[in-house]
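Everything below concerns the one structure shown next.
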Amino acid sequence: MPNSDPATHKPQSRHRSTTSLSLRLLLSSFSILILALFSLRAIPRVALLKNHLFSSSSSASASSSVSVSPSTASTIIMSYAKELRVAQVAVQRATLLTKRVFHEKAKGTVDKSDKSPVTIGDFGAQALIIAALRHNFPDDAIVAEEEAAQLRADPNLADQIWSLVRDTRLPDPAAEELLGGSVPNLDAMLDLIDRGNSPGGAHGRIWAIDPIDGTKGFLRGGQYAVCLALLVDGQVQVGVLGCPNLPIDDSAPLSADIGVDASDEDGRGVLFSAVRGGGAHSAPLSAPTAAKPISMRPVSDMTAATFCESVEAAHSAHGDQAEIARRLGISRPSVRMDSQSKYGSIARGAGDIYLRLPVKATYQEKIWDHAAGDLIVREAGGQVTDVDGKALDFSVGRTLANNKGVVAAPAAVHGEVLKAVQDVLRQKSTAA
Ligand SMILES: Nc1ncnc2c1ncn2[C@@H]1O[C@H](COP(=O)(O)O)[C@@H](O)[C@H]1OP(=O)(O)O
Ligand SMILES: [Mg+2]
């Protein structure tokens, strides 16, 4: 029996039935595709699949980002939309506190057990960020740099921090409400600070916080950053860096003196953020939602490249880094600045390369010093590895125990930079 049109009961032509069959086939394949896309979207690890499919093989196991269409990027960002929003606003609020301390002559500095400095700004910012995370994601683990033991033994110091935490509020009531509002009292503040004691690891959701990265820069009046990242099963999925003393303007040149006598006035204060697979963005620190995409600058002429390094010679080997730059033919002097501001600066193409060669063989980098910056650079088109060409491994605890040093550069030239790093290190070990 030929098919008949139910409306007219007239027999349909063969051509029409073939067309409708193809149309049905086309429609069902389309629905399967849509269903597949939706189920991927339901899994926050859609980006992981994308990175797996497209990951660069130019340098060992390091992964770098690839460009995706704006609609794919926004789908990926949607997977972590709440985490991103909370992280951005939590960092913004914490910088309101750090900026107050930055302008004080006395910053309530004490030495930690490892002799590194910590200020009332570090403790206060950590309390505010953890309060926001606990309010929104009570089941997530937290790895944060500071602990409250010293404050419990020093009520005067604890009081100074409490008055800062109590009085720091975002001007936008809705944003403040998103973060859960004020911390109730001093004891609650101390407990919050101590909530950052997770051992880290390869499983589950773990936030990594450095409340003031570059404390030495903060004390000197240089660059510093408030850093927050979300790791899921050991992979960085969200990264946010608040840099109060960097220019808002992504195209502002990286002046040689950017790391000294910094200020947070006159067009300064930038918020970098990234969601894995969704690209990297920057926004004024005062307006986190006004984010614009950023990308690394292509390096067509290595001699004109700008490389960034720590101010502190104890944190990275200036001599080795100068030799690497010489081998690469880089003619400009390095730009020195404290903190993960270096990652943000190369991610937006103000600089090109970030080198962090180990000074002490035994030092293990901390995950909170790199997680956000690593993702932001990779999402801006960069590649980040250690000196052996391995991707930074955030899955082994509070430190990057499987890595030595950091080499961050645009993906296209990372191999060339890494080769220079390895040549210099090989030469040094042969000479020793
Ligand atoms: N020997 C070291 N090598 C590398 N990084 C270090 C060393 N000692 C301290 N750091 C860390 O360097 C970070 C600052 O980096 P930068 O030099 O890029 O500004 C700080 O978080 C600091 O950690 P800590 O806070 O424990 O002192
Ligand atoms: Mg730090």
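Chain labels A, B, ... are given in the sequence in which chains occur in the structure tokens; within each chain residues are numbered consecutively from 1, and ligands are likewise numbered from 1 in the order shown.
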So which residues of stretch 78-313 of chain A fall under helix (DSSP H, G or I) by DSSP, listed as a count of residues only? 84
So that I can check the surroundings of stretch 276-281 of chain A, please list as an NGL selection string every protein, DNA and RNA residue that reaches within 6 Å of it, counting only C-alpha atoms and ignoring chain neighbours fewer than 5 positions away. :A and (47 or 73 or 76-77 or 237 or 291-294 or 376 or 379-380)
Please provide the set of residues having any atom within 12 Å of stretch 100-113 of chain A, restricted to only C-alpha atoms, with same-chain residues fewer than 6 positions apart removed, written as a ChimeraX atom specification. /A:93-94,119-125,145-151,154,156-161,163-165,167-168,212,215-225,244-245,261-265
Export of the given selection (C-alpha atoms) as a tab-separated table (two decimals), in the first residue's frame:
```
chain	number	residue	atom	x	y	z
A	93	ARG	CA	35.58	42.07	48.20
A	94	ALA	CA	38.88	40.76	49.56
A	119	THR	CA	50.06	40.88	57.40
A	120	ILE	CA	46.62	41.63	58.80
A	121	GLY	CA	45.64	41.97	55.13
A	122	ASP	CA	46.50	38.31	54.41
A	123	PHE	CA	44.45	37.03	57.36
A	124	GLY	CA	41.50	39.35	56.72
A	125	ALA	CA	41.31	38.58	52.99
A	145	GLU	CA	47.89	29.72	52.79
A	146	GLU	CA	47.26	31.08	56.31
A	147	GLU	CA	46.13	29.62	59.64
A	148	ALA	CA	44.77	31.32	62.77
A	149	ALA	CA	47.08	29.82	65.45
A	150	GLN	CA	49.17	33.02	65.72
A	151	LEU	CA	46.02	35.14	66.02
A	154	ASP	CA	47.72	37.44	69.98
A	156	ASN	CA	45.50	42.48	69.78
A	157	LEU	CA	46.41	41.29	66.28
A	158	ALA	CA	43.16	39.31	66.05
A	159	ASP	CA	41.20	42.47	66.98
A	160	GLN	CA	42.88	44.53	64.27
A	161	ILE	CA	41.92	41.92	61.68
A	163	SER	CA	37.76	45.36	62.68
A	164	LEU	CA	38.90	45.17	59.03
A	165	VAL	CA	36.77	42.11	58.26
A	167	ASP	CA	33.92	46.84	58.11
A	168	THR	CA	34.61	45.51	54.61
A	212	ILE	CA	47.83	38.06	49.31
A	215	THR	CA	53.25	39.71	50.47
A	216	LYS	CA	56.79	41.05	50.14
A	217	GLY	CA	55.66	43.19	47.16
A	218	PHE	CA	52.60	44.28	49.13
A	219	LEU	CA	54.88	45.46	51.96
A	220	ARG	CA	57.34	47.15	49.57
A	221	GLY	CA	54.57	48.97	47.72
A	222	GLY	CA	54.88	46.78	44.62
A	223	GLN	CA	52.55	44.34	42.87
A	224	TYR	CA	50.46	41.75	44.66
A	225	ALA	CA	47.47	39.56	43.82
A	244	PRO	CA	44.79	46.02	42.50
A	245	ASN	CA	48.02	47.66	41.30
A	261	ASP	CA	56.29	52.11	43.78
A	262	ALA	CA	52.99	50.75	42.56
A	263	SER	CA	49.69	52.42	43.29
A	264	ASP	CA	46.07	51.35	43.09
A	265	GLU	CA	44.80	54.69	41.83
```
Find the residues near ligand 2. Use a cut-off of 12 Å, count only C-alpha atoms and all ligand atoms, and write them as number ranges by chain. A: 116-118, 122, 144-146, 208-218, 223-228, 241, 310, 315, 338-341, 365-373, 399
I need the residues from that last selection saved to file as a tab-separated table (two decimals), in the first residue's frame (with N, CA and C atoms), if you can.
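Contents of part.tsv, as written:
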```tsv
chain	number	residue	atom	x	y	z
A	116	SER	N	58.59	33.74	56.65
A	116	SER	CA	58.03	34.62	55.62
A	116	SER	C	57.01	35.55	56.28
A	117	PRO	N	56.86	36.77	55.75
A	117	PRO	CA	55.97	37.73	56.41
A	117	PRO	C	54.50	37.47	56.10
A	118	VAL	N	53.65	37.83	57.06
A	118	VAL	CA	52.21	37.80	56.82
A	118	VAL	C	51.64	39.05	57.48
A	122	ASP	N	46.57	39.72	54.83
A	122	ASP	CA	46.50	38.31	54.41
A	122	ASP	C	45.40	37.58	55.19
A	144	ALA	N	44.18	26.85	51.85
A	144	ALA	CA	44.54	28.27	51.89
A	144	ALA	C	45.86	28.44	52.61
A	145	GLU	N	46.52	29.56	52.31
A	145	GLU	CA	47.89	29.72	52.79
A	145	GLU	C	47.99	29.91	54.30
A	146	GLU	N	47.07	30.68	54.90
A	146	GLU	CA	47.26	31.08	56.31
A	146	GLU	C	46.47	30.21	57.28
A	208	ALA	N	41.66	26.67	46.06
A	208	ALA	CA	43.01	27.07	46.49
A	208	ALA	C	43.03	28.59	46.60
A	209	ILE	N	43.44	29.07	47.79
A	209	ILE	CA	43.41	30.52	48.05
A	209	ILE	C	44.78	31.03	48.45
A	210	ASP	N	45.25	32.07	47.77
A	210	ASP	CA	46.36	32.85	48.31
A	210	ASP	C	45.80	34.25	48.55
A	211	PRO	N	45.54	34.59	49.83
A	211	PRO	CA	44.82	35.86	50.10
A	211	PRO	C	45.63	37.08	49.70
A	212	ILE	N	46.95	37.03	49.90
A	212	ILE	CA	47.83	38.06	49.31
A	212	ILE	C	49.05	37.32	48.79
A	213	ASP	N	49.07	37.14	47.48
A	213	ASP	CA	50.26	36.55	46.88
A	213	ASP	C	51.23	37.70	46.62
A	214	GLY	N	52.49	37.47	46.98
A	214	GLY	CA	53.46	38.55	46.84
A	214	GLY	C	53.42	39.46	48.05
A	215	THR	N	53.33	38.88	49.25
A	215	THR	CA	53.25	39.71	50.47
A	215	THR	C	54.45	40.65	50.55
A	216	LYS	N	55.61	40.17	50.07
A	216	LYS	CA	56.79	41.05	50.14
A	216	LYS	C	56.60	42.27	49.23
A	217	GLY	N	55.98	42.07	48.07
A	217	GLY	CA	55.66	43.19	47.16
A	217	GLY	C	54.63	44.12	47.79
A	218	PHE	N	53.66	43.53	48.44
A	218	PHE	CA	52.60	44.28	49.13
A	218	PHE	C	53.23	45.20	50.18
A	223	GLN	N	53.73	45.07	43.35
A	223	GLN	CA	52.55	44.34	42.87
A	223	GLN	C	52.19	43.22	43.85
A	224	TYR	N	50.92	42.91	43.91
A	224	TYR	CA	50.46	41.75	44.66
A	224	TYR	C	49.16	41.27	44.03
A	225	ALA	N	48.71	40.09	44.42
A	225	ALA	CA	47.47	39.56	43.82
A	225	ALA	C	46.69	38.76	44.86
A	226	VAL	N	45.36	38.86	44.76
A	226	VAL	CA	44.48	38.02	45.57
A	226	VAL	C	44.02	36.88	44.64
A	227	CYS	N	44.32	35.64	45.05
A	227	CYS	CA	44.22	34.53	44.09
A	227	CYS	C	43.26	33.44	44.57
A	228	LEU	N	42.42	32.99	43.67
A	228	LEU	CA	41.44	31.97	44.01
A	228	LEU	C	41.24	31.05	42.81
A	241	LEU	N	42.19	36.11	39.50
A	241	LEU	CA	43.29	36.88	40.10
A	241	LEU	C	42.87	38.34	40.21
A	310	SER	N	60.29	37.06	39.13
A	310	SER	CA	60.07	37.56	40.50
A	310	SER	C	61.01	38.71	40.81
A	315	HIS	N	63.34	33.62	45.23
A	315	HIS	CA	62.20	32.86	44.72
A	315	HIS	C	62.45	32.28	43.33
A	338	ASP	N	56.24	41.16	41.72
A	338	ASP	CA	55.85	40.13	42.66
A	338	ASP	C	54.51	39.52	42.24
A	339	SER	N	54.30	38.28	42.70
A	339	SER	CA	52.97	37.66	42.65
A	339	SER	C	52.57	37.11	41.28
A	340	GLN	N	51.34	36.56	41.28
A	340	GLN	CA	50.77	36.02	40.04
A	340	GLN	C	50.36	37.12	39.06
A	341	SER	N	50.60	38.36	39.39
A	341	SER	CA	50.44	39.45	38.41
A	341	SER	C	51.23	39.12	37.14
A	365	GLU	N	56.90	24.36	45.17
A	365	GLU	CA	55.96	25.45	44.93
A	365	GLU	C	54.60	25.08	45.53
A	366	LYS	N	53.86	26.11	45.98
A	366	LYS	CA	52.56	25.86	46.60
A	366	LYS	C	51.45	25.97	45.54
A	367	ILE	N	50.39	25.15	45.70
A	367	ILE	CA	49.36	25.17	44.64
A	367	ILE	C	48.68	26.53	44.56
A	368	TRP	N	48.53	27.24	45.70
A	368	TRP	CA	47.83	28.53	45.68
A	368	TRP	C	48.65	29.61	44.98
A	369	ASP	N	49.95	29.36	44.80
A	369	ASP	CA	50.78	30.35	44.11
A	369	ASP	C	50.70	30.23	42.59
A	370	HIS	N	50.01	29.20	42.07
A	370	HIS	CA	50.05	28.97	40.62
A	370	HIS	C	48.71	28.58	39.99
A	371	ALA	N	47.76	28.05	40.79
A	371	ALA	CA	46.57	27.44	40.16
A	371	ALA	C	45.81	28.42	39.26
A	372	ALA	N	45.47	29.59	39.79
A	372	ALA	CA	44.67	30.53	38.99
A	372	ALA	C	45.47	31.02	37.77
A	373	GLY	N	46.73	31.38	38.00
A	373	GLY	CA	47.56	31.92	36.91
A	373	GLY	C	47.79	30.91	35.81
A	399	THR	N	51.26	21.15	47.74
A	399	THR	CA	52.39	21.66	46.96
A	399	THR	C	52.42	21.01	45.58
```
Pick out the residues sitting within 10 Å of A:Ser74, and hand them over as a PyMOL selection string; count only C-alpha atoms, and ignore anything fewer than 4 positions along from it in its own chain. chain A and resi 68-70+78-79+81+275+277-279
At what distance in Å, to one decimal, does atom CA of A:Thr385 lie from atom CA of A:Lys82?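 So the answer is 28.8 Å.
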Can you pull out every residue within 12 Å of A:Leu392, counting only C-alpha atoms, but drop anything in the same chain fewer than 3 positions away, and send it as JSON, numbers by chain? {"A": [60, 61, 62, 63, 64, 234, 235, 236, 364, 365, 366, 367, 369, 370, 371, 372, 373, 374, 375, 378, 383, 384, 385, 386, 387, 388, 389, 395, 396, 399, 400, 401, 402, 403, 404, 405, 406, 407, 408]}
Quick one: of A:Ala175, A:Leu128, A:Ala229, A:Leu355, who's nearest to A:Ala141, counting only C-alpha atoms?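 Of the candidates, the smallest distance to A:Ala141 is held by A:Ala229.
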Applying 12 Å and only C-alpha atoms, which residues near A:Pro184 remain after dropping the ones on its own chain fewer than 2 positions away? List them as an NGL selection string. :A and (127-128 or 131 or 162-163 or 165-167 or 180-182 or 186-192)
Could you name the residues that touch A:Phe307 at 10 Å or less, counting only C-alpha atoms, but leaving out those on the same chain fewer than 6 positions away, as a VMD selection string? chain A and resid 321 to 322 325 330 332 to 336 342 346 350 to 355 408 to 409
Quick check for you: according to DSSP on this backbone, which residues of stretch 193-407 of chain A are classed as strand (DSSP E)? Reply as a PyMOL selection string. chain A and resi 205-213+225-232+235-247+268-275+280-284+292-294+307-309+335-336+353-356+382-385+406-407
